[in-house]
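Colleague: What follows is input_1.cif, mmCIF, C-alpha atoms and all ligand atoms.
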```cif
data_work
loop_
_atom_site.label_atom_id
_atom_site.label_comp_id
_atom_site.auth_asym_id
_atom_site.auth_seq_id
_atom_site.Cartn_x
_atom_site.Cartn_y
_atom_site.Cartn_z
CA MET A 29 -60.36 23.33 26.33
CA LYS A 30 -59.03 26.38 28.19
CA LYS A 31 -55.55 25.58 26.91
CA LEU A 32 -56.84 25.45 23.33
CA VAL A 33 -58.54 28.86 23.64
CA THR A 34 -55.35 30.36 25.04
CA LEU A 35 -53.38 28.84 22.17
CA PHE A 36 -55.77 30.34 19.62
CA MET A 37 -55.53 33.71 21.33
CA ILE A 38 -51.75 33.62 21.22
CA MET A 39 -51.85 32.64 17.54
CA ALA A 40 -54.26 35.48 16.70
CA LEU A 41 -52.07 37.95 18.57
CA ALA A 42 -48.97 36.71 16.76
CA THR A 43 -50.69 37.15 13.38
CA LEU A 44 -51.73 40.69 14.27
CA THR A 45 -48.22 41.59 15.44
CA ALA A 46 -46.69 40.12 12.29
CA LYS A 47 -49.08 42.18 10.15
CA ALA A 48 -48.19 45.35 12.04
CA ALA A 49 -44.49 44.62 11.61
CA LEU A 50 -44.99 44.15 7.88
CA ALA A 51 -46.77 47.48 7.48
CA GLY A 52 -44.14 49.14 9.64
CA ASP A 53 -44.15 52.63 11.00
CA THR A 54 -42.29 54.70 8.45
CA LEU A 55 -43.04 57.92 10.32
CA ALA A 56 -41.25 56.69 13.46
CA ASP A 57 -38.41 55.16 11.39
CA ALA A 58 -37.86 58.35 9.37
CA LYS A 59 -37.77 60.43 12.56
CA LYS A 60 -35.28 58.02 14.09
CA LYS A 61 -33.05 58.07 11.00
CA GLY A 62 -33.54 61.79 10.44
CA VAL A 63 -34.37 61.31 6.76
CA LEU A 64 -37.43 60.79 4.58
CA VAL A 65 -36.70 59.04 1.28
CA VAL A 66 -39.01 60.06 -1.56
CA GLY A 67 -39.33 58.56 -5.04
CA CYS A 68 -39.92 61.30 -7.61
CA LYS A 69 -39.66 61.99 -11.32
CA ASP A 70 -36.51 63.81 -12.46
CA SER A 71 -37.34 64.67 -16.07
CA LEU A 72 -40.97 65.81 -15.87
CA PRO A 73 -41.27 69.57 -15.52
CA PRO A 74 -43.02 71.09 -13.64
CA PHE A 75 -43.53 68.09 -11.28
CA GLY A 76 -39.98 66.81 -10.80
CA TYR A 77 -37.00 67.80 -12.94
CA ILE A 78 -33.39 68.89 -12.62
CA ASP A 79 -32.97 72.65 -12.37
CA GLU A 80 -30.33 73.69 -14.90
CA LYS A 81 -28.63 76.16 -12.56
CA THR A 82 -28.67 74.36 -9.22
CA ARG A 83 -28.61 70.75 -10.56
CA GLN A 84 -31.20 69.96 -7.86
CA ILE A 85 -34.49 68.18 -8.49
CA VAL A 86 -37.29 70.74 -8.19
CA GLY A 87 -41.01 70.90 -8.97
CA TYR A 88 -44.60 70.75 -7.74
CA ASP A 89 -44.26 67.21 -6.32
CA ILE A 90 -40.97 68.15 -4.66
CA ASP A 91 -42.40 71.22 -2.89
CA PHE A 92 -45.06 69.03 -1.25
CA VAL A 93 -42.61 66.47 0.09
CA LYS A 94 -40.23 69.26 1.17
CA ALA A 95 -43.04 70.65 3.33
CA ILE A 96 -43.80 67.16 4.71
CA ALA A 97 -40.14 66.49 5.60
CA LYS A 98 -39.87 69.93 7.22
CA LYS A 99 -42.94 69.28 9.37
CA MET A 100 -41.41 65.93 10.38
CA GLY A 101 -38.17 67.68 11.24
CA VAL A 102 -36.09 65.40 8.98
CA LYS A 103 -33.92 65.75 5.88
CA LEU A 104 -35.39 64.98 2.47
CA GLU A 105 -33.67 62.50 0.18
CA LEU A 106 -34.94 62.29 -3.41
CA LYS A 107 -34.61 59.13 -5.51
CA PRO A 108 -35.64 59.22 -9.18
CA VAL A 109 -38.26 56.63 -10.19
CA THR A 110 -40.17 55.83 -13.37
CA SER A 111 -43.89 55.16 -13.67
CA ALA A 112 -43.17 51.42 -13.80
CA SER A 113 -40.60 51.30 -10.98
CA ARG A 114 -42.31 53.48 -8.36
CA MET A 115 -44.60 50.87 -6.75
CA PRO A 116 -41.96 48.10 -6.52
CA GLN A 117 -39.45 50.63 -5.13
CA LEU A 118 -41.93 51.52 -2.39
CA GLN A 119 -42.90 47.95 -1.59
CA GLU A 120 -39.28 46.83 -1.44
CA GLY A 121 -38.56 49.61 1.05
CA HIS A 122 -36.14 51.62 -1.14
CA ILE A 123 -38.35 54.70 -0.79
CA ASP A 124 -40.81 55.83 1.90
CA ILE A 125 -43.22 57.89 -0.21
CA ILE A 126 -44.01 58.16 -3.92
CA ALA A 127 -44.38 61.77 -5.12
CA ALA A 128 -44.28 61.14 -8.85
CA THR A 129 -47.32 62.34 -10.86
CA MET A 130 -49.15 59.27 -9.61
CA THR A 131 -52.86 58.78 -10.20
CA LYS A 132 -54.95 57.27 -7.42
CA ASN A 133 -57.13 54.42 -8.58
CA ALA A 134 -58.84 51.38 -7.13
CA GLU A 135 -56.40 48.89 -8.69
CA ARG A 136 -53.34 50.60 -7.22
CA ALA A 137 -55.11 51.19 -3.90
CA LYS A 138 -55.26 47.41 -3.44
CA VAL A 139 -51.46 47.41 -3.22
CA ILE A 140 -50.52 50.77 -1.68
CA ASP A 141 -52.19 53.58 0.27
CA PHE A 142 -52.75 57.06 -1.12
CA SER A 143 -52.94 60.49 0.48
CA HIS A 144 -55.80 62.86 -0.25
CA THR A 145 -55.69 64.24 -3.79
CA TYR A 146 -53.03 66.98 -4.04
CA PHE A 147 -53.31 67.62 -7.80
CA PHE A 148 -55.95 67.03 -10.41
CA THR A 149 -55.59 66.75 -14.17
CA GLY A 150 -56.86 64.65 -17.09
CA GLN A 151 -55.36 62.64 -19.92
CA LYS A 152 -54.87 64.34 -23.28
CA PHE A 153 -52.56 64.11 -26.31
CA ILE A 154 -49.72 66.10 -27.79
CA THR A 155 -49.65 66.06 -31.58
CA LYS A 156 -48.29 67.89 -34.59
CA THR A 157 -50.20 71.17 -34.83
CA GLY A 158 -53.44 70.80 -36.79
CA SER A 159 -53.22 67.01 -37.18
CA VAL A 160 -55.83 65.95 -34.59
CA LYS A 161 -59.28 67.43 -33.99
CA SER A 162 -60.98 64.45 -32.34
CA LEU A 163 -60.22 60.89 -31.15
CA LYS A 164 -61.19 59.61 -34.61
CA ASP A 165 -58.05 61.19 -36.08
CA LEU A 166 -55.96 58.86 -33.90
CA GLU A 167 -57.63 55.60 -34.91
CA GLY A 168 -55.14 53.06 -36.24
CA LYS A 169 -52.21 55.36 -35.39
CA ARG A 170 -49.08 54.76 -33.32
CA ILE A 171 -49.24 56.53 -29.99
CA GLY A 172 -46.40 56.90 -27.48
CA THR A 173 -46.69 56.88 -23.69
CA ALA A 174 -44.89 55.56 -20.58
CA LYS A 175 -44.72 52.00 -19.29
CA GLY A 176 -46.67 51.29 -16.12
CA SER A 177 -48.86 54.37 -16.39
CA THR A 178 -52.61 54.83 -16.34
CA SER A 179 -52.07 56.68 -19.64
CA GLU A 180 -51.04 53.38 -21.23
CA GLN A 181 -54.21 51.58 -20.05
CA ASN A 182 -56.59 54.48 -20.78
CA VAL A 183 -55.43 54.98 -24.37
CA LYS A 184 -55.73 51.26 -25.12
CA ASN A 185 -59.36 51.42 -23.93
CA ALA A 186 -60.17 54.72 -25.63
CA ILE A 187 -58.65 53.85 -29.03
CA PRO A 188 -58.48 50.04 -29.37
CA THR A 189 -57.29 50.32 -33.00
CA ALA A 190 -54.19 52.33 -32.05
CA THR A 191 -50.76 50.78 -31.58
CA VAL A 192 -49.46 51.88 -28.21
CA LEU A 193 -45.69 52.23 -27.84
CA SER A 194 -44.60 52.36 -24.20
CA PHE A 195 -41.37 54.15 -23.34
CA ASP A 196 -39.54 54.39 -19.99
CA ASP A 197 -40.80 57.95 -19.59
CA TYR A 198 -42.53 60.73 -21.48
CA PRO A 199 -39.48 62.67 -22.76
CA GLN A 200 -38.48 59.57 -24.78
CA ALA A 201 -42.02 59.33 -26.14
CA PHE A 202 -41.91 63.01 -27.15
CA LEU A 203 -38.62 62.42 -28.96
CA ALA A 204 -40.36 59.67 -30.95
CA LEU A 205 -43.07 62.19 -31.88
CA GLN A 206 -40.44 64.67 -33.09
CA GLN A 207 -38.88 61.91 -35.17
CA GLY A 208 -42.26 61.03 -36.70
CA LYS A 209 -42.24 57.54 -35.15
CA VAL A 210 -45.58 58.14 -33.39
CA ALA A 211 -48.55 60.35 -34.31
CA ALA A 212 -49.14 61.46 -30.73
CA VAL A 213 -47.92 61.20 -27.17
CA THR A 214 -50.53 60.70 -24.51
CA THR A 215 -50.54 61.34 -20.78
CA ASP A 216 -51.85 63.85 -18.24
CA GLU A 217 -52.44 67.35 -19.60
CA ALA A 218 -50.28 68.95 -16.91
CA ILE A 219 -47.31 66.78 -17.95
CA LEU A 220 -47.90 67.50 -21.64
CA ALA A 221 -48.11 71.24 -20.89
CA GLY A 222 -44.73 70.97 -19.14
CA ILE A 223 -43.22 69.17 -22.14
CA LEU A 224 -44.64 71.76 -24.55
CA ALA A 225 -43.33 74.63 -22.44
CA LYS A 226 -39.79 73.21 -22.57
CA THR A 227 -39.68 72.50 -26.33
CA PRO A 228 -36.65 74.11 -27.96
CA LYS A 229 -37.24 77.38 -29.83
CA ASN A 230 -36.90 75.81 -33.28
CA LEU A 231 -39.84 73.48 -32.50
CA LYS A 232 -42.17 76.11 -31.01
CA GLY A 233 -45.59 76.11 -32.67
CA LYS A 234 -45.01 72.70 -34.28
CA PHE A 235 -46.83 70.78 -31.54
CA GLU A 236 -50.07 71.34 -29.65
CA ILE A 237 -52.42 69.76 -27.11
CA PRO A 238 -55.79 69.37 -28.86
CA ASN A 239 -58.88 69.69 -26.67
CA VAL A 240 -59.46 65.92 -26.52
CA GLN A 241 -59.60 64.42 -23.01
CA ILE A 242 -60.01 60.72 -22.24
CA SER A 243 -59.84 60.53 -18.43
CA ASP A 244 -59.65 62.27 -15.05
CA GLU A 245 -56.38 61.82 -13.15
CA PRO A 246 -56.35 62.70 -9.43
CA TYR A 247 -52.82 62.53 -7.99
CA GLY A 248 -52.00 61.08 -4.56
CA LEU A 249 -48.81 60.57 -2.60
CA GLY A 250 -48.21 56.83 -2.41
CA MET A 251 -47.31 55.01 0.81
CA ARG A 252 -47.02 51.39 1.90
CA LYS A 253 -50.28 49.66 2.70
CA ASP A 254 -51.41 50.14 6.31
CA ASP A 255 -48.55 52.53 7.08
CA THR A 256 -51.24 54.36 9.02
CA ASN A 257 -49.18 56.81 11.08
CA LEU A 258 -47.44 58.10 7.97
CA VAL A 259 -50.66 58.30 5.94
CA ASN A 260 -52.34 60.29 8.75
CA PHE A 261 -49.34 62.58 9.11
CA VAL A 262 -49.13 63.25 5.36
CA ASN A 263 -52.88 63.86 5.09
CA LYS A 264 -52.90 66.26 8.03
CA THR A 265 -49.91 68.13 6.61
CA ILE A 266 -51.41 68.63 3.16
CA LEU A 267 -54.82 69.60 4.59
CA ASP A 268 -53.04 72.20 6.76
CA MET A 269 -51.19 73.40 3.64
CA GLU A 270 -54.52 73.90 1.90
CA LYS A 271 -55.90 75.85 4.88
CA SER A 272 -52.85 78.08 5.21
CA GLY A 273 -52.75 78.84 1.48
CA GLU A 274 -49.34 77.13 1.05
CA ALA A 275 -50.78 74.49 -1.31
CA LYS A 276 -52.25 77.15 -3.59
CA LYS A 277 -48.99 79.07 -3.45
CA ILE A 278 -47.12 75.98 -4.68
CA PHE A 279 -49.70 75.53 -7.47
CA ASP A 280 -49.30 79.17 -8.52
CA LYS A 281 -45.51 78.87 -8.48
CA TRP A 282 -45.59 76.05 -11.05
CA PHE A 283 -48.90 76.55 -12.90
CA GLY A 284 -49.95 80.15 -12.21
CA PRO A 285 -50.46 82.77 -14.93
CA LYS A 286 -46.78 83.77 -14.85
CA SER A 287 -45.51 80.17 -15.03
CA GLU A 288 -44.31 78.36 -18.14
CA ALA A 289 -47.32 76.00 -18.15
CA PRO A 290 -50.33 77.98 -16.90
CA LEU A 291 -53.33 75.87 -15.79
CA LYS A 292 -56.50 76.46 -13.79
CA ARG A 293 -56.60 75.13 -10.21
CA ASN A 294 -59.84 73.16 -10.51
CA PHE A 295 -59.46 71.32 -7.19
CA LYS A 296 -58.89 71.83 -3.47
CA ILE A 297 -57.20 69.43 -1.08
CA THR A 298 -60.03 67.97 1.02
CA ILE A 299 -60.81 64.83 3.01
N1 LIG B 301 -50.76 60.00 -13.69
C1 LIG B 301 -50.59 58.88 -14.54
C2 LIG B 301 -50.13 57.67 -13.78
O1 LIG B 301 -50.06 57.68 -12.60
C3 LIG B 301 -49.67 59.18 -15.71
C4 LIG B 301 -48.40 59.89 -15.34
C5 LIG B 301 -47.32 58.93 -14.89
O2 LIG B 301 -46.99 58.01 -15.63
O3 LIG B 301 -46.81 59.14 -13.81
O4 LIG B 301 -49.85 56.63 -14.33
#
```
Give the structure from this file in structure tokens form.
Modeller:
Amino acid sequence: MKKLVTLFMIMALATLTAKAALAGDTLADAKKKGVLVVGCKDSLPPFGYIDEKTRQIVGYDIDFVKAIAKKMGVKLELKPVTSASRMPQLQEGHIDIIAATMTKNAERAKVIDFSHTYFFTGQKFITKTGSVKSLKDLEGKRIGTAKGSTSEQNVKNAIPTATVLSFDDYPQAFLALQQGKVAAVTTDEAILAGILAKTPKNLKGKFEIPNVQISDEPYGLGMRKDDTNLVNFVNKTILDMEKSGEAKKIFDKWFGPKSEAPLKRNFKITI
């Protein structure tokens, strides 16, 4: 009997250890390697895009992970991801953190862990100026968005009669709008504002973001499930950034009144 109990105890311990090994300790590994690998967007101003002058990826998402890597005392390596590829890239260990306009929701939280909310926006549409006043105007229309996004799911629920065309990312969807292949592009307002701000001069005034919102989208930094040390470290860092004013400074840099895509900061980073 005693032998059996000991055997069970050993088995339970082995299972626990295996689980811990699976979750890993990315914080310790990154410190050992001297580098934190982050999956980010590279064509979505002002979150993650290539600066024309420096050819470096810059943006709101990037400034947060820069601060996290600095606090860790490691180098930052950025790897471009799409909405559809970011979770598999994380789970397969190709990246350590997702910082890519990613909404926290219950479905995703079953698979990965999220930091506290570090940005807050809501889903809207970009359309030809004057063509859409309410959701009704989009019924039965073709609407572009990105594969693997909450935008894709939300619009299907909000306008079941619409035909949703899913592109790799939003710039391709916006191109389809310019070519008249879709009647609207839908995703988070902050992304749409960034797209609108970067439209070439000859297209200025032709497109707008009507005041039609279909969801709330709180953004979190994504990490592997049960990667507890990293999650705690990231949460502490961004809470400290809120306290010190650094988080607001980053917001103002990309969305403040003097920025290309001014927005109100209607959130604070809290527990
Ligand atoms: N925030 C939404 C999402 O996580 C839309 C933007 C994106 O595709 O990254 O799916």
Colleague: When you look at stretch 54-64 of chain A with a cut-off of 7 Å (counting all atoms listed in the file), what residues show up, excluding the ones that are within fewer than 5 positions of it in the same chain? I need them as a PyMOL selection string.
Modeller: chain A and resi 97+100+102-105+124+255+257-258
Colleague: Would you mind telling me which residue in A:Gly76, A:Pro290, A:Pro246, A:Pro199 lies nearest to ligand LIG 301 (chain B) when using all atoms listed in the file?
Modeller: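 Checking each candidate against ligand LIG 301 (chain B), we get A:Pro246 as the closest.
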Colleague: Considering all atoms listed in the file, can you say which of A:Glu245, A:Asp268, A:Asp165, A:Asp196 comes closest to ligand LIG 301 (chain B)?
Modeller: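 When distances to ligand LIG 301 (chain B) are compared using all atoms listed in the file, the smallest one comes from A:Glu245.
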Colleague: Which one of A:Leu231, A:Ile278, A:Val160, A:Val259 sits closest to A:Ala212 if you count only C-alpha atoms?
Modeller: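 Among A:Leu231, A:Ile278, A:Val160, A:Val259, it is A:Val160 that comes nearest to A:Ala212.
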Colleague: Find, counting all atoms listed in the file, the residue in A:Thr173, A:Ser143, A:Ser162, A:Gln241 that gets nearest to ligand LIG 301 (chain B).
Modeller: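 Under the stated criterion, the closest residue is A:Thr173.
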Colleague: Please report as a Markdown table every residue of chain A lying within 7 Å of ligand LIG 301 (chain B), along with the nearest atom pair and their distance in Å (one decimal), using all atoms listed in the file.
Modeller:
```
| residue | atom | partner | partner_atom | distance |
| --- | --- | --- | --- | --- |
| A:Ser111 | CA | B:LIG301 | O2 | 4.6 |
| A:Ala128 | CA | B:LIG301 | O3 | 5.9 |
| A:Thr129 | CA | B:LIG301 | O3 | 4.4 |
| A:Met130 | CA | B:LIG301 | O1 | 3.5 |
| A:Thr131 | CA | B:LIG301 | O1 | 3.8 |
| A:Ala174 | CA | B:LIG301 | O2 | 5.9 |
| A:Gly176 | CA | B:LIG301 | O4 | 6.5 |
| A:Ser177 | CA | B:LIG301 | O4 | 3.2 |
| A:Thr178 | CA | B:LIG301 | O4 | 3.9 |
| A:Ser179 | CA | B:LIG301 | C3 | 5.2 |
| A:Thr215 | CA | B:LIG301 | C3 | 5.6 |
| A:Asp216 | CA | B:LIG301 | C3 | 5.7 |
| A:Glu245 | CA | B:LIG301 | N1 | 5.9 |
| A:Tyr247 | CA | B:LIG301 | N1 | 6.6 |
```
